[in-house]
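Structure data (mmCIF, C-alpha atoms) from upload.cif:
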data_target
#
loop_
_atom_site.label_atom_id
_atom_site.label_comp_id
_atom_site.auth_asym_id
_atom_site.auth_seq_id
_atom_site.Cartn_x
_atom_site.Cartn_y
_atom_site.Cartn_z
CA MET A 617 52.79 45.68 260.87
CA LYS A 618 51.51 49.08 259.76
CA GLY A 619 48.13 48.22 261.26
CA LEU A 620 49.77 47.47 264.59
CA ILE A 621 51.43 50.88 264.66
CA LYS A 622 48.51 52.95 263.38
CA THR A 623 45.52 51.51 265.17
CA GLU A 624 44.37 50.36 268.58
CA TRP A 625 44.79 46.67 269.39
CA HIS A 626 42.33 44.08 270.47
CA TRP A 627 42.25 43.85 274.29
CA SER A 628 43.81 40.40 274.23
CA LEU A 629 47.04 41.77 272.71
CA SER A 630 47.23 45.08 274.63
CA GLY A 631 46.45 43.20 277.86
CA VAL A 632 49.29 40.73 277.31
CA VAL A 633 51.75 43.58 276.55
CA ALA A 634 50.70 45.52 279.68
CA GLY A 635 51.00 42.31 281.71
CA ILE A 636 54.49 41.64 280.33
CA ALA A 637 55.58 45.15 281.36
CA VAL A 638 54.49 44.47 284.94
CA VAL A 639 56.15 41.02 284.99
CA MET A 640 59.39 42.59 283.70
CA ALA A 641 59.28 44.97 286.68
CA MET A 642 58.66 42.02 289.05
CA LEU A 643 61.59 40.11 287.54
CA ILE A 644 64.00 42.92 288.38
CA GLY A 645 62.46 43.27 291.86
CA LYS A 646 60.63 46.57 291.27
CA ASN A 647 57.20 47.60 292.46
CA PHE A 648 55.01 48.67 289.54
CA ALA A 649 52.64 50.82 291.61
CA ILE A 650 51.70 54.03 289.83
CA ALA A 651 49.98 55.86 292.72
CA GLY A 652 52.99 54.86 294.83
CA ALA A 653 55.25 56.37 292.17
CA PHE A 654 53.40 59.69 292.47
CA VAL A 655 54.07 59.62 296.23
CA ALA A 656 57.74 58.88 295.46
CA LEU A 657 57.78 61.96 293.22
CA VAL A 658 56.23 64.12 295.98
CA ARG A 659 58.75 62.79 298.51
CA ASN A 660 61.68 63.72 296.28
CA ILE A 661 60.33 67.16 295.42
CA VAL A 662 59.76 67.93 299.13
CA ASN A 663 63.25 66.60 299.84
CA ILE A 664 64.64 69.34 297.59
CA VAL A 665 62.33 72.15 298.77
CA ASN A 666 61.92 71.44 302.49
CA PRO A 667 63.68 68.23 303.66
CA GLU A 668 62.82 68.84 307.36
CA TYR A 669 59.12 68.31 306.57
CA LEU A 670 59.69 64.64 305.68
CA ALA A 671 60.98 63.65 309.12
CA GLY A 672 57.61 64.46 310.71
CA THR A 673 55.42 62.66 308.16
CA VAL A 674 53.48 59.47 308.86
CA PHE A 675 52.71 58.62 305.24
CA ILE A 676 55.08 60.34 302.80
CA GLY A 677 58.21 59.24 304.64
CA GLU A 678 61.88 59.71 303.86
CA VAL A 679 63.45 59.32 300.40
CA ARG A 680 63.92 55.66 299.44
CA ALA A 681 66.34 53.87 297.12
CA THR A 682 63.43 52.59 295.03
CA ASP A 683 62.12 56.10 294.26
CA THR A 684 64.34 56.72 291.22
CA TRP A 685 63.00 53.67 289.39
CA MET A 686 59.40 54.57 290.16
CA ILE A 687 59.75 58.17 289.02
CA ALA A 688 61.47 57.00 285.80
CA MET A 689 58.55 54.59 285.27
CA LEU A 690 56.11 57.52 285.47
CA GLY A 691 58.17 59.34 282.84
CA GLY A 692 58.06 56.18 280.71
CA ILE A 693 54.24 56.07 280.82
CA PHE A 694 54.11 59.69 279.65
CA LEU A 695 56.48 58.87 276.77
CA GLY A 696 54.57 55.67 275.92
CA GLY A 697 51.29 57.61 275.60
CA PHE A 698 53.05 60.26 273.53
CA ALA A 699 54.80 57.79 271.19
CA ALA A 700 51.72 55.62 270.62
CA SER A 701 49.55 58.61 269.71
CA ARG A 702 52.25 60.19 267.52
CA LEU A 703 52.87 56.93 265.64
CA ALA A 704 49.14 56.50 265.12
CA GLY A 705 48.96 60.08 263.79
CA THR A 706 46.31 61.09 266.32
CA PHE A 707 48.43 63.25 268.60
CA GLN A 708 46.81 66.61 269.08
CA LEU A 709 46.78 69.08 271.93
CA HIS A 710 43.25 69.03 273.22
CA GLY A 711 41.37 70.15 276.34
CA ALA A 712 38.19 68.60 277.68
CA PRO A 713 37.01 65.32 276.10
CA ALA A 714 34.19 65.78 273.57
CA MET A 715 31.82 63.47 275.45
CA TRP A 716 32.36 65.38 278.69
CA SER A 717 31.82 68.80 277.02
CA LYS A 718 28.65 67.58 275.35
CA THR A 719 27.27 66.36 278.66
CA PHE A 720 28.52 68.95 281.14
CA GLY A 721 29.12 72.05 278.98
CA ASN A 722 32.06 73.75 277.31
CA SER A 723 33.50 75.62 280.30
CA ALA A 724 37.23 74.86 280.52
CA TRP A 725 37.26 75.98 284.17
CA LYS A 726 34.57 73.51 285.06
CA ARG A 727 36.69 70.72 283.58
CA VAL A 728 39.87 72.00 285.30
CA VAL A 729 38.15 72.05 288.71
CA THR A 730 36.63 68.61 288.06
CA VAL A 731 39.95 67.11 286.97
CA PHE A 732 41.86 68.60 289.91
CA THR A 733 39.24 67.44 292.43
CA GLY A 734 39.12 64.02 290.81
CA GLY A 735 42.92 63.85 291.00
CA ILE A 736 42.80 64.55 294.73
CA LEU A 737 40.16 61.84 295.20
CA LEU A 738 42.29 59.37 293.20
CA GLY A 739 45.40 60.22 295.20
CA VAL A 740 43.85 60.24 298.68
CA GLY A 741 41.86 57.11 297.83
CA ALA A 742 44.95 55.22 296.66
CA ASN A 743 46.98 56.48 299.63
CA ILE A 744 44.59 55.35 302.35
CA GLY A 745 43.23 52.41 300.34
CA SER A 746 46.74 50.98 299.83
CA GLY A 747 46.85 51.02 296.08
CA CYS A 748 45.45 51.99 292.70
CA THR A 749 44.50 50.10 289.56
CA THR A 750 48.09 48.87 289.25
CA GLY A 751 49.28 48.70 292.88
CA ALA A 752 46.19 47.01 294.30
CA PHE A 753 44.68 45.32 291.25
CA LEU A 754 47.51 44.27 288.90
CA ILE A 755 50.18 43.75 291.59
CA GLY A 756 48.19 43.06 294.78
CA VAL A 757 45.52 40.70 293.48
CA PRO A 758 48.08 38.18 292.06
CA THR A 759 49.49 37.82 295.61
CA LEU A 760 45.93 36.84 296.68
CA SER A 761 46.12 39.43 299.46
CA VAL A 762 42.73 40.05 301.07
CA GLY A 763 43.49 43.78 301.32
CA SER A 764 44.07 44.11 297.57
CA PHE A 765 40.79 42.32 296.79
CA VAL A 766 38.96 44.63 299.23
CA THR A 767 40.47 47.77 297.65
CA SER A 768 39.93 46.61 294.05
CA ILE A 769 36.33 45.53 294.57
CA SER A 770 35.60 48.79 296.45
CA PHE A 771 36.96 51.04 293.72
CA PHE A 772 35.45 49.22 290.75
CA ALA A 773 32.04 49.10 292.44
CA ALA A 774 32.23 52.77 293.47
CA ALA A 775 33.42 53.85 290.01
CA ILE A 776 30.59 52.02 288.22
CA PHE A 777 28.05 53.43 290.68
CA ALA A 778 29.42 57.00 290.47
CA ALA A 779 29.62 56.99 286.65
CA ASN A 780 26.01 55.83 286.39
CA ILE A 781 24.92 58.61 288.76
CA LEU A 782 26.93 61.21 286.80
CA TYR A 783 25.45 60.08 283.49
CA ALA A 784 21.92 59.36 284.75
CA GLY A 785 19.48 60.74 282.21
CA LYS A 786 22.31 61.87 279.89
CA ASP A 787 23.31 60.67 276.44
CA LYS A 788 25.46 57.57 276.99
CA LYS A 789 26.61 57.05 273.41
CA VAL A 790 30.26 56.04 273.60
CA GLU A 791 30.96 54.68 270.11
CA ASN A 792 32.78 56.37 267.23
CA LEU A 793 33.84 59.54 269.01
CA PRO A 794 36.70 61.42 267.29
CA TYR A 795 39.98 60.15 268.74
CA GLN A 796 41.71 63.51 268.84
CA GLU A 797 38.98 65.00 271.02
CA ASP A 798 38.34 61.97 273.20
CA MET B 422 70.35 51.63 285.27
CA ASP B 423 67.18 52.23 287.31
CA ILE B 424 66.35 55.18 285.09
CA ILE B 425 66.72 53.15 281.88
CA THR B 426 64.68 50.14 283.06
CA GLY B 427 62.05 52.40 284.67
CA LEU B 428 61.65 54.43 281.48
CA THR B 429 61.54 51.31 279.27
CA ILE B 430 59.01 49.38 281.34
CA GLY B 431 56.87 52.50 281.87
CA PHE B 432 57.03 53.20 278.13
CA LEU B 433 55.82 49.69 277.27
CA PHE B 434 52.95 50.01 279.75
CA GLY B 435 51.98 53.50 278.55
CA PHE B 436 52.10 52.31 274.93
CA ALA B 437 49.82 49.36 275.81
CA LEU B 438 47.41 51.72 277.61
CA TRP B 439 47.02 53.78 274.44
CA LYS B 440 46.64 50.65 272.30
CA ALA B 441 43.93 49.37 274.66
CA GLY B 442 41.96 52.61 274.29
CA ALA B 443 42.45 53.21 278.03
CA LEU B 444 43.62 56.78 277.36
CA ARG B 445 40.25 57.68 275.80
CA TYR B 446 37.62 59.23 278.05
CA SER B 447 34.72 57.58 276.21
CA VAL B 448 36.28 54.13 276.55
CA VAL B 449 36.80 54.46 280.32
CA ILE B 450 33.34 55.95 280.88
CA GLY B 451 31.87 53.36 278.47
CA ALA B 452 33.40 50.63 280.66
CA LEU B 453 32.03 52.19 283.86
CA LEU B 454 28.58 52.56 282.27
CA LEU B 455 28.90 48.88 281.29
CA LYS B 456 28.39 49.74 277.62
CA ASP B 457 31.89 48.93 276.35
CA MET B 458 33.54 45.82 277.76
CA ARG B 459 36.94 46.07 276.08
CA LEU B 460 38.70 47.65 279.09
CA TYR B 461 37.60 44.77 281.30
CA GLY B 462 39.04 42.42 278.69
CA PHE B 463 42.28 44.43 278.74
CA MET B 464 42.60 44.54 282.53
CA MET B 465 41.70 40.91 283.07
CA THR B 466 44.09 39.81 280.28
CA ALA B 467 46.88 41.79 281.94
CA LEU B 468 45.98 40.24 285.31
CA ALA B 469 45.95 36.70 283.87
CA THR B 470 49.29 37.35 282.13
CA ILE B 471 50.84 38.52 285.39
CA ILE B 472 49.39 35.67 287.47
CA LEU B 473 50.21 32.82 285.09
CA SER B 474 53.61 34.04 283.91
CA SER B 475 54.84 34.86 287.43
CA ALA B 476 53.63 31.45 288.63
CA LEU B 477 55.32 29.64 285.72
CA LEU B 478 58.52 31.69 286.11
CA ASN B 479 58.61 30.84 289.81
CA ILE B 480 58.07 27.15 289.09
CA ALA B 481 61.03 27.44 286.69
CA GLY B 482 63.06 28.97 289.53
CA ALA B 483 62.93 32.71 288.78
CA GLY B 484 62.36 33.47 292.47
CA ILE B 485 59.98 36.42 292.05
CA GLU B 486 59.10 37.75 295.49
CA MET B 487 55.29 37.75 295.83
CA GLY B 488 55.07 39.99 298.89
CA VAL B 489 51.66 40.21 300.54
CA LYS B 490 50.09 43.63 300.92
CA PRO B 491 48.71 43.90 304.44
CA TYR B 492 45.04 44.48 305.20
CA TRP B 493 44.54 47.76 307.05
CA GLY B 494 40.85 47.50 307.93
CA VAL B 495 37.83 49.63 307.00
CA SER B 496 40.01 52.55 305.84
CA GLN B 497 40.87 50.40 302.85
CA ILE B 498 37.21 50.34 301.76
CA ILE B 499 36.94 54.12 302.32
CA GLY B 500 40.07 54.63 300.23
CA GLY B 501 38.76 52.34 297.51
CA VAL B 502 35.44 54.17 297.35
CA LEU B 503 37.14 57.61 297.13
CA PHE B 504 39.43 56.27 294.40
CA GLY B 505 36.43 54.87 292.50
CA ILE B 506 34.56 58.18 292.63
CA GLY B 507 37.72 59.92 291.42
CA MET B 508 38.01 57.46 288.54
CA ALA B 509 34.40 58.15 287.44
CA VAL B 510 34.75 61.94 287.79
CA LEU B 511 37.98 62.04 285.80
CA GLY B 512 37.52 59.13 283.43
CA MET B 513 41.09 58.25 284.37
CA CYS B 514 43.18 56.46 286.97
CA PRO B 515 46.67 57.69 287.97
CA GLY B 516 48.44 55.75 285.17
CA THR B 517 46.04 56.77 282.43
CA CYS B 518 46.14 60.37 283.68
CA MET B 519 49.90 60.37 283.01
CA GLY B 520 49.43 58.59 279.67
CA ARG B 521 46.69 61.01 278.55
CA PHE B 522 48.96 63.94 279.35
CA GLY B 523 51.58 62.35 277.09
CA ALA B 524 48.96 61.86 274.37
CA GLY B 525 48.30 65.63 274.27
CA LYS B 526 45.25 65.89 276.54
CA TYR B 527 46.83 68.76 278.42
CA LEU B 528 44.10 69.32 281.03
CA SER B 529 45.25 66.03 282.57
CA ILE B 530 48.05 68.05 284.17
CA PHE B 531 45.46 69.24 286.71
CA GLY B 532 44.69 65.61 287.52
CA ILE B 533 48.41 65.00 288.03
CA LEU B 534 48.59 68.08 290.29
CA GLY B 535 45.61 66.72 292.26
CA ILE B 536 47.32 63.35 292.70
CA LEU B 537 50.52 65.11 293.77
CA SER B 538 48.60 67.22 296.34
CA ALA B 539 46.92 64.14 297.81
CA PRO B 540 49.75 62.82 300.05
CA PHE B 541 49.64 66.07 302.07
CA ILE B 542 45.91 65.56 302.68
CA THR B 543 46.56 61.89 303.52
CA GLU B 544 49.01 63.06 306.19
CA ALA B 545 46.09 64.77 307.95
CA ILE B 546 43.52 62.00 307.36
CA LEU B 547 45.53 58.91 308.38
CA PRO B 548 45.83 59.74 312.10
CA VAL B 549 42.06 60.44 312.19
CA THR B 550 41.21 57.04 310.65
CA GLN B 551 43.49 55.39 313.19
CA ARG B 552 41.91 57.32 316.10
CA TYR B 553 38.45 56.07 315.14
CA GLY B 554 39.60 52.48 314.72
CA LEU B 555 39.12 52.51 310.94
CA ARG B 556 42.76 51.65 310.35
CA PHE B 557 44.77 49.09 312.30
CA GLU B 558 47.95 50.22 314.01
CA ARG B 559 49.52 46.91 313.03
CA PRO B 560 48.07 45.65 309.76
CA GLU B 561 47.34 41.99 309.21
CA LYS B 562 48.91 40.03 306.35
CA LEU B 563 45.75 38.22 305.35
CA THR B 564 45.61 36.12 302.19
CA VAL B 565 42.75 34.38 300.46
CA TYR B 566 44.64 31.07 300.21
CA GLN B 567 45.43 30.99 303.93
CA GLN B 568 41.75 31.61 304.67
CA LEU B 569 40.89 28.65 302.44
CA GLY B 570 43.66 26.54 303.95
CA VAL B 571 45.49 25.86 300.68
CA ASP B 572 48.95 26.65 299.26
CA TYR B 573 49.66 29.79 297.23
CA LEU B 574 50.78 28.25 293.94
CA PRO B 575 47.87 25.87 293.23
CA ALA B 576 45.40 28.55 294.41
CA VAL B 577 46.83 31.25 292.14
CA ILE B 578 47.06 28.94 289.11
CA ILE B 579 43.39 27.95 289.49
CA PHE B 580 42.51 31.66 289.87
CA GLY B 581 44.53 32.45 286.72
CA ILE B 582 42.77 29.71 284.74
CA ALA B 583 39.37 30.97 285.98
CA ILE B 584 40.22 34.42 284.58
CA VAL B 585 41.20 32.88 281.22
CA ILE B 586 37.82 31.09 281.11
CA PHE B 587 36.10 34.40 281.90
CA LEU B 588 38.04 36.04 279.04
CA ALA B 589 37.07 33.27 276.63
CA GLY B 590 33.42 33.91 277.59
CA LEU B 591 33.89 37.63 277.03
CA ARG B 592 35.34 36.92 273.57
CA VAL B 593 32.39 34.69 272.64
CA MET B 594 29.96 37.40 273.78
CA GLU B 595 31.90 39.99 271.78
CA LYS B 596 31.82 37.85 268.60
CA ARG B 597 28.09 37.26 268.99
CA LYS B 598 27.45 40.98 269.45
CA ASN B 599 29.56 41.86 266.39
CA LYS B 600 27.71 39.32 264.29
CA GLN B 601 24.37 40.77 265.39
CA SER B 602 25.38 44.35 264.61
CA GLY B 603 26.99 43.20 261.34
CA GLY B 604 30.08 45.28 262.21
CA ALA B 605 33.50 44.39 260.86
CA LYS B 606 35.28 44.83 264.18
#
Written as structure tokens, how would this file's structure read?
Amino acid sequence: MKGLIKTEWHWSLSGVVAGIAVVMAMLIGKNFAIAGAFVALVRNIVNIVNPEYLAGTVFIGEVRATDTWMIAMLGGIFLGGFAASRLAGTFQLHGAPAMWSKTFGNSAWKRVVTVFTGGILLGVGANIGSGCTTGAFLIGVPTLSVGSFVTSISFFAAAIFAANILYAGKDKKVENLPYQED
Amino acid sequence: MDIITGLTIGFLFGFALWKAGALRYSVVIGALLLKDMRLYGFMMTALATIILSSALLNIAGAGIEMGVKPYWGVSQIIGGVLFGIGMAVLGMCPGTCMGRFGAGKYLSIFGILGILSAPFITEAILPVTQRYGLRFERPEKLTVYQQLGVDYLPAVIIFGIAIVIFLAGLRVMEKRKNKQSGGAK
């Protein structure tokens, strides 16, 4: 039991647990789409700050009844990451990942700009591609929707291609890196 | 009630992400560089769990609604490619970005801010993609099983079993590799 709390799990166990979480959401009729949940959060923040803006939007749209659940789910993911790392004793405030710093330098600003730009790419990509790793892959693919297959194959192929370009000619050692700095 | 179930289910998923190593930069990049296969094992196990348990639950009468996401045309490939580049640049996807922030990797907040800025940019891009015919005005509800002329349930069960066979192959490969390297794990 202690091992289960302190260490990472084999993919077969963590995969089943993640799958069960999604099935639980399906059983209560909720949409476990994380990029969609971020849009729900934006919609509700705008609704407080400038509600008139929402009426003229083609994508963000008006506040929906399902938004509360989705925003709570985002909060849950944050808490799940926090609890797992605390229980394992590896929680530590840390900036750029060690592997990234070693490859691209120690500048915190460089990492901040990269992370922000990457976040925009993730968001815009999921918005116009109709889904992210959960919305398109874990939820969409089981419905055997052609669109979800197209999105999932596109992003996995692009991610593998882009990562290999980014790390071309660099040190690709990925084993045994210190958890706290990873 | 929505808040409690949302928090609980999100918590379980975030916990599993950490346990899978998906909140570690080197593990995500290792997967994309095809040097560390454990994340593919994790994602495909989750997918098989969802496919087979939802199918079995529906056979038992649970009545889970398997809505079909519509196909919007070429814009979906463009979106997928942008998302993929984002995933490689960050070493995260939206869910792991949130989870990493929870695990103390505080720079992830800028990724979250990026994701939160995105819908405003999408507002500007969507009409352009529609104008150039990259996005249908009325999307089509296309499914793989309709294209093949079969029913959903048998098709999805066969697909689920195929993933399990793939996972068994991955496990055999993993054991062989561990034996070769003489590692304990």
Note to self: Translate the PyMOL selection byres ((chain A and resi 631-641) around 9) into a concrete residue list for this structure, as a count of residues only.
What the structure shows: 41
Separating CA of Gly570 (chain B) from CA of Val762 (chain A), to the nearest tenth of an Å, is a gap of 13.8 Å
Subject >> A:Val728, A:Leu737, A:Leu695, A:Ala651 ranked by distance to Met508 (chain B), top pick (using only C-alpha atoms) >> reply: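 Of all the options, A:Leu737 lies closest to Met508 (chain B).
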Smallest atom-to-atom distance to chain A: which of B:Leu569, B:Leu473, B:Ile582, B:Ile485, using all atoms listed in the file?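 Among the listed residues, the smallest separation from chain A belongs to B:Ile485.
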re CA of Met458 (chain B) and CA of Leu477 (chain B): distance 28.3 Å
Closest to chain B among A:Ala681, A:Val662, A:Val655, A:Leu703, using all atoms listed in the file?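 The answer is A:Val655, which sits nearest to chain B.
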If we count only C-alpha atoms and set the cut-off at 6 Å, which residues sit around Ile776 (chain A), ignoring sequence neighbours fewer than 3 positions away in its own chain? Please answer as an NGL selection string.
(:A and (773 or 779)) or (:B and (453))
Keeping only C-alpha atoms, write the selected residues to a file as a PDB file, in the frame of the given file.
ATOM      1  CA  ALA A 773      32.040  49.100 292.440  1.00  0.00           C
ATOM      2  CA  ALA A 779      29.620  56.990 286.650  1.00  0.00           C
TER       3      ALA A 779
ATOM      4  CA  LEU B 453      32.030  52.190 283.860  1.00  0.00           C
TER       5      LEU B 453
END
Selection: 10 Å around Thr623 (chain A), all atoms listed in the file, excl. self and same-chain fewer than 6 positions, as a list of chain:residue names: A:Ala700, A:Ser701, A:Leu703, A:Ala704, A:Gly705, A:Thr706, B:Trp439, B:Lys440, B:Ala441, B:Gly442
